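Everything below belongs to query-v7.cif, which stores mmCIF, C-alpha atoms.
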```cif
data_final
loop_
_atom_site.group_PDB
_atom_site.id
_atom_site.type_symbol
_atom_site.label_atom_id
_atom_site.label_comp_id
_atom_site.auth_asym_id
_atom_site.auth_seq_id
_atom_site.Cartn_x
_atom_site.Cartn_y
_atom_site.Cartn_z
ATOM 1 C CA MET A 1425 -58.745 -7.429 -9.637
ATOM 2 C CA LYS A 1426 -56.966 -10.540 -8.504
ATOM 3 C CA ARG A 1427 -54.953 -10.548 -11.701
ATOM 4 C CA ILE A 1428 -53.827 -6.977 -11.280
ATOM 5 C CA LEU A 1429 -52.809 -7.655 -7.712
ATOM 6 C CA LEU A 1430 -50.850 -10.679 -8.830
ATOM 7 C CA ALA A 1431 -49.107 -8.642 -11.509
ATOM 8 C CA VAL A 1432 -48.144 -6.014 -8.966
ATOM 9 C CA VAL A 1433 -46.730 -8.649 -6.640
ATOM 10 C CA PHE A 1434 -44.751 -10.193 -9.481
ATOM 11 C CA ALA A 1435 -43.388 -6.866 -10.617
ATOM 12 C CA ALA A 1436 -42.254 -6.120 -7.102
ATOM 13 C CA THR A 1437 -40.389 -9.394 -6.693
ATOM 14 C CA VAL A 1438 -38.784 -9.358 -10.124
ATOM 15 C CA THR A 1439 -37.301 -5.888 -9.741
ATOM 16 C CA PRO A 1440 -33.640 -6.333 -10.589
ATOM 17 C CA VAL A 1441 -31.215 -5.700 -7.778
ATOM 18 C CA THR A 1442 -28.847 -2.997 -8.909
ATOM 19 C CA ALA A 1443 -26.011 -1.322 -7.041
ATOM 20 C CA LYS A 1444 -25.624 -4.452 -4.976
ATOM 21 C CA GLU A 1445 -22.511 -3.160 -3.240
ATOM 22 C CA ALA A 1446 -24.174 -0.062 -1.860
ATOM 23 C CA GLU A 1447 -27.125 -1.982 -0.536
ATOM 24 C CA PRO A 1448 -27.035 -2.228 3.238
ATOM 25 C CA LEU A 1449 -26.904 -5.615 4.857
ATOM 26 C CA GLU A 1450 -30.278 -6.900 5.948
ATOM 27 C CA ASP A 1451 -29.311 -7.052 9.595
ATOM 28 C CA PRO A 1452 -28.726 -3.553 10.993
ATOM 29 C CA VAL A 1453 -26.275 -4.909 13.561
ATOM 30 C CA TYR A 1454 -24.196 -6.411 10.773
ATOM 31 C CA GLN A 1455 -24.483 -3.217 8.784
ATOM 32 C CA GLU A 1456 -23.216 -1.175 11.707
ATOM 33 C CA ARG A 1457 -20.300 -3.532 12.240
ATOM 34 C CA PHE A 1458 -19.591 -3.618 8.531
ATOM 35 C CA GLU A 1459 -19.509 0.179 8.320
ATOM 36 C CA ALA A 1460 -17.332 0.599 11.390
ATOM 37 C CA LEU A 1461 -14.881 -2.007 10.146
ATOM 38 C CA THR A 1462 -14.624 -0.864 6.535
ATOM 39 C CA LYS A 1463 -14.138 2.742 7.658
ATOM 40 C CA GLU A 1464 -11.046 1.627 9.559
ATOM 41 C CA LEU A 1465 -9.500 0.038 6.482
ATOM 42 C CA ARG A 1466 -7.611 1.720 3.686
ATOM 43 C CA CYS A 1467 -8.368 1.048 0.065
ATOM 44 C CA LEU A 1468 -5.032 -0.021 -1.429
ATOM 45 C CA LYS A 1469 -5.910 1.376 -4.827
ATOM 46 C CA CYS A 1470 -6.959 4.891 -3.898
ATOM 47 C CA GLN A 1471 -4.931 5.274 -0.794
ATOM 48 C CA ASN A 1472 -6.716 8.201 0.784
ATOM 49 C CA GLN A 1473 -10.066 6.508 0.824
ATOM 50 C CA THR A 1474 -11.436 3.877 3.106
ATOM 51 C CA ILE A 1475 -12.666 0.562 1.837
ATOM 52 C CA PHE A 1476 -16.081 1.818 2.899
ATOM 53 C CA ASP A 1477 -16.237 4.710 0.473
ATOM 54 C CA SER A 1478 -13.850 3.756 -2.301
ATOM 55 C CA LYS A 1479 -15.329 3.011 -5.681
ATOM 56 C CA ALA A 1480 -12.285 1.081 -6.883
ATOM 57 C CA GLY A 1481 -12.937 -2.438 -8.108
ATOM 58 C CA LEU A 1482 -10.598 -3.787 -5.475
ATOM 59 C CA ALA A 1483 -12.587 -2.101 -2.704
ATOM 60 C CA ASP A 1484 -15.697 -3.753 -4.118
ATOM 61 C CA ASP A 1485 -14.049 -7.154 -3.890
ATOM 62 C CA LEU A 1486 -12.749 -6.494 -0.403
ATOM 63 C CA ARG A 1487 -16.180 -5.381 0.791
ATOM 64 C CA ARG A 1488 -17.613 -8.588 -0.607
ATOM 65 C CA GLN A 1489 -14.928 -10.610 1.176
ATOM 66 C CA ILE A 1490 -15.501 -8.798 4.457
ATOM 67 C CA ARG A 1491 -19.261 -9.272 4.224
ATOM 68 C CA GLU A 1492 -18.894 -12.976 3.466
ATOM 69 C CA GLN A 1493 -16.523 -13.470 6.345
ATOM 70 C CA MET A 1494 -18.891 -11.666 8.693
ATOM 71 C CA TYR A 1495 -21.677 -14.008 7.713
ATOM 72 C CA GLN A 1496 -19.314 -16.917 8.322
ATOM 73 C CA GLY A 1497 -19.149 -15.691 11.887
ATOM 74 C CA LYS A 1498 -15.605 -14.312 11.842
ATOM 75 C CA SER A 1499 -14.772 -11.622 14.367
ATOM 76 C CA ASP A 1500 -13.594 -8.159 13.331
ATOM 77 C CA GLU A 1501 -10.159 -9.057 14.564
ATOM 78 C CA GLU A 1502 -9.998 -12.172 12.393
ATOM 79 C CA ILE A 1503 -11.091 -10.196 9.349
ATOM 80 C CA VAL A 1504 -8.485 -7.494 9.966
ATOM 81 C CA ASP A 1505 -5.801 -10.161 10.443
ATOM 82 C CA TYR A 1506 -6.873 -11.729 7.167
ATOM 83 C CA LEU A 1507 -6.342 -8.428 5.344
ATOM 84 C CA VAL A 1508 -3.096 -7.537 7.121
ATOM 85 C CA ALA A 1509 -1.661 -10.937 6.193
ATOM 86 C CA ARG A 1510 -2.241 -10.082 2.539
ATOM 87 C CA TYR A 1511 -1.779 -6.335 2.302
ATOM 88 C CA GLY A 1512 0.388 -5.516 5.316
ATOM 89 C CA ASP A 1513 -0.206 -2.969 8.065
ATOM 90 C CA PHE A 1514 -0.816 -0.297 5.446
ATOM 91 C CA VAL A 1515 -4.376 -1.534 5.036
ATOM 92 C CA ARG A 1516 -5.173 -0.308 8.521
ATOM 93 C CA TYR A 1517 -5.582 3.335 9.370
ATOM 94 C CA ARG A 1518 -4.647 2.505 12.951
ATOM 95 C CA PRO A 1519 -2.024 -0.237 12.865
ATOM 96 C CA ASP A 1520 -0.997 -2.194 15.940
ATOM 97 C CA PHE A 1521 1.622 -0.732 18.236
ATOM 98 C CA LYS A 1522 4.828 -2.655 17.499
ATOM 99 C CA ALA A 1523 8.479 -2.144 16.543
ATOM 100 C CA SER A 1524 7.830 -1.279 12.887
ATOM 101 C CA THR A 1525 5.048 1.173 13.725
ATOM 102 C CA LEU A 1526 6.710 2.642 16.806
ATOM 103 C CA PHE A 1527 7.854 5.825 15.091
ATOM 104 C CA LEU A 1528 4.423 6.314 13.578
ATOM 105 C CA TRP A 1529 2.775 6.258 16.974
ATOM 106 C CA VAL A 1530 5.453 7.929 19.068
ATOM 107 C CA GLY A 1531 6.875 10.306 16.429
ATOM 108 C CA PRO A 1532 4.381 13.170 16.831
ATOM 109 C CA PHE A 1533 4.751 13.143 20.626
ATOM 110 C CA LEU A 1534 8.514 13.012 20.239
ATOM 111 C CA PHE A 1535 8.417 16.166 18.138
ATOM 112 C CA LEU A 1536 6.065 17.766 20.643
ATOM 113 C CA VAL A 1537 8.500 17.040 23.478
ATOM 114 C CA ILE A 1538 11.424 18.396 21.444
ATOM 115 C CA GLY A 1539 9.421 21.518 20.669
ATOM 116 C CA ILE A 1540 8.472 22.109 24.292
ATOM 117 C CA ALA A 1541 12.069 21.532 25.391
ATOM 118 C CA MET A 1542 13.306 24.114 22.897
ATOM 119 C CA LEU A 1543 10.660 26.597 23.990
ATOM 120 C CA VAL A 1544 11.504 26.169 27.677
ATOM 121 C CA HIS A 1545 15.185 26.565 26.887
ATOM 122 C CA GLN A 1546 14.530 29.805 24.998
ATOM 123 C CA ILE A 1547 12.334 31.241 27.728
ATOM 124 C CA ARG A 1548 14.904 30.404 30.401
ATOM 125 C CA LYS A 1549 17.642 32.028 28.383
ATOM 126 C CA ARG A 1550 15.630 35.213 27.932
ATOM 127 C CA ARG A 1551 14.756 35.357 31.607
ATOM 128 C CA SER A 1552 18.408 34.980 32.604
ATOM 129 C CA VAL A 1553 19.159 38.042 30.479
ATOM 130 C CA GLU A 1554 16.427 40.018 32.241
ATOM 131 C CA ASP A 1555 17.668 38.861 35.602
ATOM 132 C CA VAL A 1556 21.015 40.626 35.231
ATOM 133 C CA ALA A 1557 21.771 42.504 38.459
ATOM 134 C CA PRO A 1558 21.524 46.304 38.312
ATOM 135 C CA LEU A 1559 24.747 48.242 38.012
ATOM 136 C CA SER A 1560 26.598 49.043 41.154
ATOM 137 C CA GLU A 1561 27.322 52.679 41.898
ATOM 138 C CA GLU A 1562 30.910 52.403 40.713
ATOM 139 C CA GLU A 1563 29.889 50.724 37.454
ATOM 140 C CA ALA A 1564 27.279 53.378 36.840
ATOM 141 C CA LYS A 1565 29.918 56.049 37.247
ATOM 142 C CA ARG A 1566 32.200 54.342 34.764
ATOM 143 C CA VAL A 1567 29.410 54.062 32.242
ATOM 144 C CA ARG A 1568 28.580 57.725 32.612
ATOM 145 C CA ALA A 1569 32.244 58.622 32.255
ATOM 146 C CA LEU A 1570 32.553 56.556 29.073
ATOM 147 C CA ILE A 1571 29.469 58.141 27.555
ATOM 148 C CA ASP A 1572 30.767 61.582 28.428
ATOM 149 C CA THR A 1573 34.202 61.044 26.893
ATOM 150 C CA GLN A 1574 32.700 59.653 23.707
ATOM 151 C CA GLY A 1575 30.350 62.574 23.501
ATOM 152 C CA GLY A 1576 33.325 64.866 24.072
ATOM 153 C CA GLU A 1577 35.270 63.348 21.193
ATOM 154 C CA LYS A 1578 32.401 64.040 18.869
ATOM 155 C CA ASN A 1579 32.393 67.689 19.809
ATOM 156 C CA MET B 83 28.627 28.880 17.053
ATOM 157 C CA LEU B 84 26.003 26.321 17.958
ATOM 158 C CA ARG B 85 23.256 28.814 17.329
ATOM 159 C CA PHE B 86 24.234 28.871 13.629
ATOM 160 C CA ILE B 87 25.016 25.200 13.238
ATOM 161 C CA ALA B 88 21.907 23.870 14.939
ATOM 162 C CA PRO B 89 19.317 25.378 12.548
ATOM 163 C CA LEU B 90 21.449 24.375 9.596
ATOM 164 C CA LEU B 91 21.639 20.846 10.883
ATOM 165 C CA ILE B 92 17.907 20.679 11.444
ATOM 166 C CA PHE B 93 17.261 22.096 7.998
ATOM 167 C CA GLY B 94 19.655 19.579 6.463
ATOM 168 C CA LEU B 95 17.912 16.722 8.227
ATOM 169 C CA ILE B 96 14.456 17.767 7.094
ATOM 170 C CA ALA B 97 15.692 18.419 3.559
ATOM 171 C CA ALA B 98 17.282 14.963 3.394
ATOM 172 C CA PHE B 99 14.055 13.420 4.663
ATOM 173 C CA PHE B 100 11.979 15.126 1.994
ATOM 174 C CA PHE B 101 14.525 14.451 -0.700
ATOM 175 C CA VAL B 102 14.351 10.724 -0.089
ATOM 176 C CA GLY B 103 10.578 11.009 0.024
ATOM 177 C CA LEU B 104 10.534 12.632 -3.416
ATOM 178 C CA ASP B 105 11.967 9.528 -4.969
ATOM 179 C CA ARG B 106 9.662 7.092 -3.266
ATOM 180 C CA ASP B 107 6.546 5.923 -5.003
ATOM 181 C CA PRO B 108 3.662 5.936 -2.535
ATOM 182 C CA THR B 109 1.751 3.453 -4.686
ATOM 183 C CA LYS B 110 4.474 0.864 -4.109
ATOM 184 C CA LEU B 111 3.722 -0.908 -0.892
ATOM 185 C CA PRO B 112 5.917 -3.403 0.855
ATOM 186 C CA SER B 113 4.422 -6.813 0.347
ATOM 187 C CA ALA B 114 3.316 -8.725 3.393
ATOM 188 C CA LEU B 115 3.899 -11.974 1.520
ATOM 189 C CA ILE B 116 7.651 -11.840 0.980
ATOM 190 C CA ASP B 117 9.276 -15.004 2.358
ATOM 191 C CA LYS B 118 5.853 -16.546 2.924
ATOM 192 C CA PRO B 119 4.497 -19.548 1.040
ATOM 193 C CA ALA B 120 2.677 -18.630 -2.152
ATOM 194 C CA PRO B 121 -1.042 -18.948 -1.350
ATOM 195 C CA ALA B 122 -2.514 -22.130 -2.768
ATOM 196 C CA PHE B 123 -5.191 -22.038 -5.443
ATOM 197 C CA THR B 124 -6.642 -24.220 -8.126
ATOM 198 C CA LEU B 125 -7.927 -22.301 -11.098
ATOM 199 C CA PRO B 126 -8.980 -23.228 -14.626
ATOM 200 C CA GLN B 127 -6.428 -22.617 -17.329
ATOM 201 C CA LEU B 128 -7.282 -19.787 -19.678
ATOM 202 C CA HIS B 129 -6.710 -21.778 -22.854
ATOM 203 C CA GLN B 130 -8.043 -25.118 -21.603
ATOM 204 C CA PRO B 131 -10.621 -24.295 -18.938
ATOM 205 C CA GLU B 132 -11.270 -27.980 -18.361
ATOM 206 C CA GLN B 133 -7.707 -28.255 -17.078
ATOM 207 C CA SER B 134 -6.648 -26.669 -13.840
ATOM 208 C CA PHE B 135 -3.401 -25.260 -12.579
ATOM 209 C CA SER B 136 -2.150 -24.841 -9.055
ATOM 210 C CA PRO B 137 1.158 -23.527 -7.663
ATOM 211 C CA GLU B 138 1.659 -26.947 -6.091
ATOM 212 C CA GLN B 139 2.601 -28.287 -9.520
ATOM 213 C CA MET B 140 5.555 -25.899 -9.626
ATOM 214 C CA LYS B 141 7.357 -27.287 -6.565
ATOM 215 C CA GLY B 142 11.026 -27.754 -7.328
ATOM 216 C CA LYS B 143 11.102 -24.958 -9.878
ATOM 217 C CA VAL B 144 11.756 -21.248 -9.692
ATOM 218 C CA TRP B 145 8.988 -19.460 -11.541
ATOM 219 C CA LEU B 146 7.315 -16.131 -12.099
ATOM 220 C CA LEU B 147 3.649 -15.439 -11.535
ATOM 221 C CA ASN B 148 2.537 -12.345 -13.402
ATOM 222 C CA VAL B 149 -0.856 -10.800 -12.679
ATOM 223 C CA TRP B 150 -2.276 -9.355 -15.860
ATOM 224 C CA ALA B 151 -5.509 -8.396 -17.561
ATOM 225 C CA SER B 152 -6.608 -7.293 -20.999
ATOM 226 C CA TRP B 153 -8.084 -4.122 -19.472
ATOM 227 C CA CYS B 154 -4.756 -3.223 -17.875
ATOM 228 C CA ALA B 155 -2.952 -0.547 -19.870
ATOM 229 C CA ALA B 156 0.341 -0.905 -18.019
ATOM 230 C CA CYS B 157 0.426 -4.609 -18.902
ATOM 231 C CA ARG B 158 1.070 -3.626 -22.499
ATOM 232 C CA THR B 159 4.196 -1.790 -21.389
ATOM 233 C CA GLU B 160 5.895 -4.887 -20.053
ATOM 234 C CA HIS B 161 4.514 -7.219 -22.676
ATOM 235 C CA PRO B 162 7.276 -6.867 -25.312
ATOM 236 C CA LEU B 163 9.890 -7.658 -22.661
ATOM 237 C CA PHE B 164 7.889 -10.689 -21.577
ATOM 238 C CA MET B 165 7.797 -11.949 -25.163
ATOM 239 C CA GLU B 166 11.554 -11.667 -25.281
ATOM 240 C CA LEU B 167 11.959 -13.411 -21.919
ATOM 241 C CA SER B 168 9.625 -16.197 -22.923
ATOM 242 C CA ARG B 169 11.767 -16.850 -26.003
ATOM 243 C CA LYS B 170 14.758 -17.077 -23.684
ATOM 244 C CA GLY B 171 12.916 -19.733 -21.695
ATOM 245 C CA VAL B 172 11.994 -17.716 -18.605
ATOM 246 C CA PRO B 173 9.200 -19.617 -16.801
ATOM 247 C CA LEU B 174 6.415 -17.023 -16.907
ATOM 248 C CA TYR B 175 2.989 -17.982 -15.652
ATOM 249 C CA GLY B 176 0.009 -15.658 -15.856
ATOM 250 C CA LEU B 177 -2.796 -14.946 -13.454
ATOM 251 C CA ASN B 178 -5.473 -13.402 -15.621
ATOM 252 C CA TYR B 179 -7.095 -11.125 -13.079
ATOM 253 C CA LYS B 180 -10.776 -10.158 -13.239
ATOM 254 C CA ASP B 181 -10.944 -10.455 -16.965
ATOM 255 C CA LYS B 182 -13.377 -11.852 -19.497
ATOM 256 C CA ARG B 183 -12.084 -15.040 -21.058
ATOM 257 C CA LYS B 184 -12.834 -13.822 -24.554
ATOM 258 C CA ASP B 185 -11.005 -10.515 -24.042
ATOM 259 C CA ALA B 186 -8.009 -12.217 -22.479
ATOM 260 C CA LEU B 187 -7.665 -14.729 -25.311
ATOM 261 C CA GLN B 188 -7.989 -11.990 -27.882
ATOM 262 C CA TRP B 189 -5.349 -9.897 -26.112
ATOM 263 C CA LEU B 190 -2.870 -12.777 -26.195
ATOM 264 C CA GLN B 191 -3.677 -13.567 -29.783
ATOM 265 C CA GLN B 192 -3.061 -9.999 -30.864
ATOM 266 C CA LEU B 193 0.070 -9.304 -28.857
ATOM 267 C CA GLY B 194 1.492 -12.789 -28.446
ATOM 268 C CA ASN B 195 1.415 -15.146 -25.497
ATOM 269 C CA PRO B 196 4.515 -15.060 -23.287
ATOM 270 C CA TYR B 197 2.987 -17.358 -20.653
ATOM 271 C CA ARG B 198 3.497 -21.087 -20.365
ATOM 272 C CA VAL B 199 0.121 -21.206 -18.672
ATOM 273 C CA SER B 200 -2.364 -18.523 -17.721
ATOM 274 C CA VAL B 201 -5.128 -19.152 -15.235
ATOM 275 C CA SER B 202 -8.406 -17.303 -14.913
ATOM 276 C CA ASP B 203 -9.223 -15.534 -11.668
ATOM 277 C CA PHE B 204 -12.634 -14.188 -12.642
ATOM 278 C CA THR B 205 -13.708 -13.096 -9.161
ATOM 279 C CA GLY B 206 -10.364 -11.701 -8.038
ATOM 280 C CA ASP B 207 -10.371 -13.853 -4.915
ATOM 281 C CA VAL B 208 -6.963 -15.354 -5.656
ATOM 282 C CA GLY B 209 -5.777 -11.824 -6.339
ATOM 283 C CA ILE B 210 -6.830 -10.860 -2.808
ATOM 284 C CA ASP B 211 -4.957 -13.865 -1.422
ATOM 285 C CA TYR B 212 -1.852 -12.604 -3.168
ATOM 286 C CA GLY B 213 -2.396 -9.060 -1.901
ATOM 287 C CA VAL B 214 -2.832 -7.747 -5.419
ATOM 288 C CA TYR B 215 -3.871 -4.105 -5.458
ATOM 289 C CA GLY B 216 -2.622 -2.928 -8.815
ATOM 290 C CA VAL B 217 -2.085 -4.764 -12.044
ATOM 291 C CA PRO B 218 0.462 -5.728 -13.277
ATOM 292 C CA GLU B 219 2.212 -7.392 -10.383
ATOM 293 C CA THR B 220 4.852 -10.069 -10.599
ATOM 294 C CA PHE B 221 5.900 -12.610 -7.989
ATOM 295 C CA VAL B 222 9.133 -14.592 -7.949
ATOM 296 C CA ILE B 223 8.475 -17.972 -6.345
ATOM 297 C CA ASP B 224 11.267 -20.321 -5.360
ATOM 298 C CA LYS B 225 11.647 -24.100 -5.479
ATOM 299 C CA GLN B 226 9.982 -24.530 -2.097
ATOM 300 C CA GLY B 227 7.009 -22.470 -3.197
ATOM 301 C CA ILE B 228 8.028 -19.417 -1.173
ATOM 302 C CA ILE B 229 7.441 -15.920 -2.550
ATOM 303 C CA ARG B 230 10.866 -14.307 -2.677
ATOM 304 C CA TYR B 231 10.178 -11.080 -4.503
ATOM 305 C CA LYS B 232 7.274 -8.984 -5.644
ATOM 306 C CA HIS B 233 7.297 -6.305 -8.284
ATOM 307 C CA VAL B 234 4.397 -3.873 -8.545
ATOM 308 C CA GLY B 235 3.812 -2.163 -11.870
ATOM 309 C CA PRO B 236 5.237 -2.970 -15.279
ATOM 310 C CA ILE B 237 8.692 -4.533 -15.317
ATOM 311 C CA SER B 238 11.189 -2.461 -17.252
ATOM 312 C CA ARG B 239 14.314 -3.854 -18.846
ATOM 313 C CA GLN B 240 16.271 -2.199 -16.057
ATOM 314 C CA ASP B 241 14.131 -3.843 -13.362
ATOM 315 C CA TRP B 242 14.651 -7.157 -15.057
ATOM 316 C CA GLU B 243 18.404 -6.931 -15.554
ATOM 317 C CA ASN B 244 19.286 -5.261 -12.276
ATOM 318 C CA THR B 245 16.891 -6.872 -9.855
ATOM 319 C CA ILE B 246 14.719 -9.732 -10.985
ATOM 320 C CA GLU B 247 17.098 -11.730 -13.155
ATOM 321 C CA PRO B 248 19.831 -11.816 -10.472
ATOM 322 C CA ILE B 249 17.270 -13.003 -7.897
ATOM 323 C CA ILE B 250 16.119 -15.809 -10.183
ATOM 324 C CA LYS B 251 19.699 -16.828 -10.955
ATOM 325 C CA GLU B 252 20.497 -16.958 -7.270
ATOM 326 C CA LEU B 253 17.411 -18.990 -6.465
ATOM 327 C CA GLN B 254 18.123 -21.401 -9.271
ATOM 328 C CA GLY B 255 21.759 -21.675 -8.175
#
```

Please express the file's structure as structure tokens.
Amino acid sequence: MKRILLAVVFAATVTPVTAKEAEPLEDPVYQERFEALTKELRCLKCQNQTIFDSKAGLADDLRRQIREQMYQGKSDEEIVDYLVARYGDFVRYRPDFKASTLFLWVGPFLFLVIGIAMLVHQIRKRRSVEDVAPLSEEEAKRVRALIDTQGGEKN
Amino acid sequence: MLRFIAPLLIFGLIAAFFFVGLDRDPTKLPSALIDKPAPAFTLPQLHQPEQSFSPEQMKGKVWLLNVWASWCAACRTEHPLFMELSRKGVPLYGLNYKDKRKDALQWLQQLGNPYRVSVSDFTGDVGIDYGVYGVPETFVIDKQGIIRYKHVGPISRQDWENTIEPIIKELQG
């Protein structure tokens, strides 16, 4: 019985660790931080994926780096700075607000403002057409006269 | 008059924007390392692993660091040009990125070795320091050890003659 138990224990400890990258970190707090951070970072190889879910070899390496740096006690900010220094702002899905990223941040609102301005302009123009004063009595007479003469020519 | 010109102008602007965008390669990213010192490393040489190489040794020289691997298909594209350049005496150094030593040596033996020295970056850590995201990549490093230019993807003859060679000449000047 003892032998069997021992064998079971051995088998359990010797189980090879596969898919090391997908394995969560032992500490759930670290894991949460790790997930939040890697979901904010772009994989440079497959640009529409985050480092969290990319299967590219480079993403693997970057995840390893990020994990190691976390264990070394680096803050999220330090880790992001480390990556930006190497890969540029492109590695971040939400880059810092600065001169080179100004258009990226402000651009959509700029277009929104332009759009609203154009809309307001159009509406005002239309209203000013509607607001035309009614014809005076004399004008109405002239209009009627014109219509009548034209009608007369046709006959 | 304005009511006809304005839409045309807006259309022209958007069209120009997209037209420029058509020609841009989204996989080519601006390097964050231009005009920054080449990150230091000490790695074993591919051919003599007991000997190491570090960029420090290249101070005072203009040189090229090419990131390559035997598994990299695009590296074969630029290889014939590199052979030619190496015969002309262009100082090409290789960073063998995430490769197996055996495969790398075999690759060079089959196709020829254009590198004065290649170093082995098995883990890819030095690659990360250099912001490598696609192989091949080539860095032009000046006499002070500053990265002055980075080329992503295989170098064509045109790239070499129009861009890289003039930069090297100027730096050597």

Specify as a list of chain:residue names each residue included when the PyMOL selection byres ((chain A) within 9 of (chain B)) is applied to this file. A:Cys1467, A:Leu1468, A:Lys1469, A:Cys1470, A:Gln1471, A:Leu1482, A:Asp1485, A:Leu1486, A:Gln1489, A:Leu1507, A:Val1508, A:Ala1509, A:Arg1510, A:Tyr1511, A:Gly1512, A:Asp1513, A:Phe1514

Can you give me, as a PyMOL selection string, the residues this file yields under the PyMOL selection byres ((chain B and resi 160-175) around 10)? chain B and resi 137+143-150+155-159+176-178+190+193-201+218+220-222+235-239+242+247+250

Selected residues written out with C-alpha atoms, as a compact mmCIF listing (two decimals), in the frame of the given file:
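Resulting contents of again-v9.txt:
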```
# COMPACT_ATOMS: atom_id res chain seq x y z
CA PRO B 137 1.16 -23.53 -7.66
CA LYS B 143 11.10 -24.96 -9.88
CA VAL B 144 11.76 -21.25 -9.69
CA TRP B 145 8.99 -19.46 -11.54
CA LEU B 146 7.32 -16.13 -12.10
CA LEU B 147 3.65 -15.44 -11.54
CA ASN B 148 2.54 -12.34 -13.40
CA VAL B 149 -0.86 -10.80 -12.68
CA TRP B 150 -2.28 -9.36 -15.86
CA ALA B 155 -2.95 -0.55 -19.87
CA ALA B 156 0.34 -0.90 -18.02
CA CYS B 157 0.43 -4.61 -18.90
CA ARG B 158 1.07 -3.63 -22.50
CA THR B 159 4.20 -1.79 -21.39
CA GLY B 176 0.01 -15.66 -15.86
CA LEU B 177 -2.80 -14.95 -13.45
CA ASN B 178 -5.47 -13.40 -15.62
CA LEU B 190 -2.87 -12.78 -26.20
CA LEU B 193 0.07 -9.30 -28.86
CA GLY B 194 1.49 -12.79 -28.45
CA ASN B 195 1.42 -15.15 -25.50
CA PRO B 196 4.51 -15.06 -23.29
CA TYR B 197 2.99 -17.36 -20.65
CA ARG B 198 3.50 -21.09 -20.36
CA VAL B 199 0.12 -21.21 -18.67
CA SER B 200 -2.36 -18.52 -17.72
CA VAL B 201 -5.13 -19.15 -15.24
CA PRO B 218 0.46 -5.73 -13.28
CA THR B 220 4.85 -10.07 -10.60
CA PHE B 221 5.90 -12.61 -7.99
CA VAL B 222 9.13 -14.59 -7.95
CA GLY B 235 3.81 -2.16 -11.87
CA PRO B 236 5.24 -2.97 -15.28
CA ILE B 237 8.69 -4.53 -15.32
CA SER B 238 11.19 -2.46 -17.25
CA ARG B 239 14.31 -3.85 -18.85
CA TRP B 242 14.65 -7.16 -15.06
CA GLU B 247 17.10 -11.73 -13.16
CA ILE B 250 16.12 -15.81 -10.18
```

Centre, x/y/z edge lengths, axis-aligned box for stretch 100-106 of chain B with 4 Å per side, as AutoDock Vina command-line options:
```
--center_x 12.1 --center_y 11.1 --center_z -1.5 --size_x 12.9 --size_y 16.0 --size_z 15.0
```

Spatial neighbours of stretch 1463-1466 of chain A, 9 Å, only C-alpha atoms, chain gap at least 3 places, as a VMD selection string: chain A and resid 1458 to 1460 1469 to 1478 1483 1504 1514 to 1518

Would you mind exporting C-alpha atoms of the selected residues as a PDB file, in the coordinates of the input?
```pdb
ATOM      1  CA  PHE A1458     -19.591  -3.618   8.531  1.00  0.00           C
ATOM      2  CA  GLU A1459     -19.509   0.179   8.320  1.00  0.00           C
ATOM      3  CA  ALA A1460     -17.332   0.599  11.390  1.00  0.00           C
ATOM      4  CA  LYS A1469      -5.910   1.376  -4.827  1.00  0.00           C
ATOM      5  CA  CYS A1470      -6.959   4.891  -3.898  1.00  0.00           C
ATOM      6  CA  GLN A1471      -4.931   5.274  -0.794  1.00  0.00           C
ATOM      7  CA  ASN A1472      -6.716   8.201   0.784  1.00  0.00           C
ATOM      8  CA  GLN A1473     -10.066   6.508   0.824  1.00  0.00           C
ATOM      9  CA  THR A1474     -11.436   3.877   3.106  1.00  0.00           C
ATOM     10  CA  ILE A1475     -12.666   0.562   1.837  1.00  0.00           C
ATOM     11  CA  PHE A1476     -16.081   1.818   2.899  1.00  0.00           C
ATOM     12  CA  ASP A1477     -16.237   4.710   0.473  1.00  0.00           C
ATOM     13  CA  SER A1478     -13.850   3.756  -2.301  1.00  0.00           C
ATOM     14  CA  ALA A1483     -12.587  -2.101  -2.704  1.00  0.00           C
ATOM     15  CA  VAL A1504      -8.485  -7.494   9.966  1.00  0.00           C
ATOM     16  CA  PHE A1514      -0.816  -0.297   5.446  1.00  0.00           C
ATOM     17  CA  VAL A1515      -4.376  -1.534   5.036  1.00  0.00           C
ATOM     18  CA  ARG A1516      -5.173  -0.308   8.521  1.00  0.00           C
ATOM     19  CA  TYR A1517      -5.582   3.335   9.370  1.00  0.00           C
ATOM     20  CA  ARG A1518      -4.647   2.505  12.951  1.00  0.00           C
TER      21      ARG A1518
END
```

Please identify all polymer residues within 12 Å of stretch 1538-1555 of chain A, counting all atoms listed in the file, omitting same-chain residues fewer than 6 positions from it, and present them as a PyMOL selection string. (chain A and resi 1531-1532) or (chain B and resi 85+88)

Atom CA of B:Gln139 and atom CA of B:Thr245 are how many Å apart? 25.7 Å

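Taking atom CA of A:Thr1573 and atom CA of A:Val1556 as endpoints, the distance between them is 25.7 Å.
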
One number please: atom CA of B:Ser152 to atom CA of B:His233, in Å, one decimal. 18.9 Å
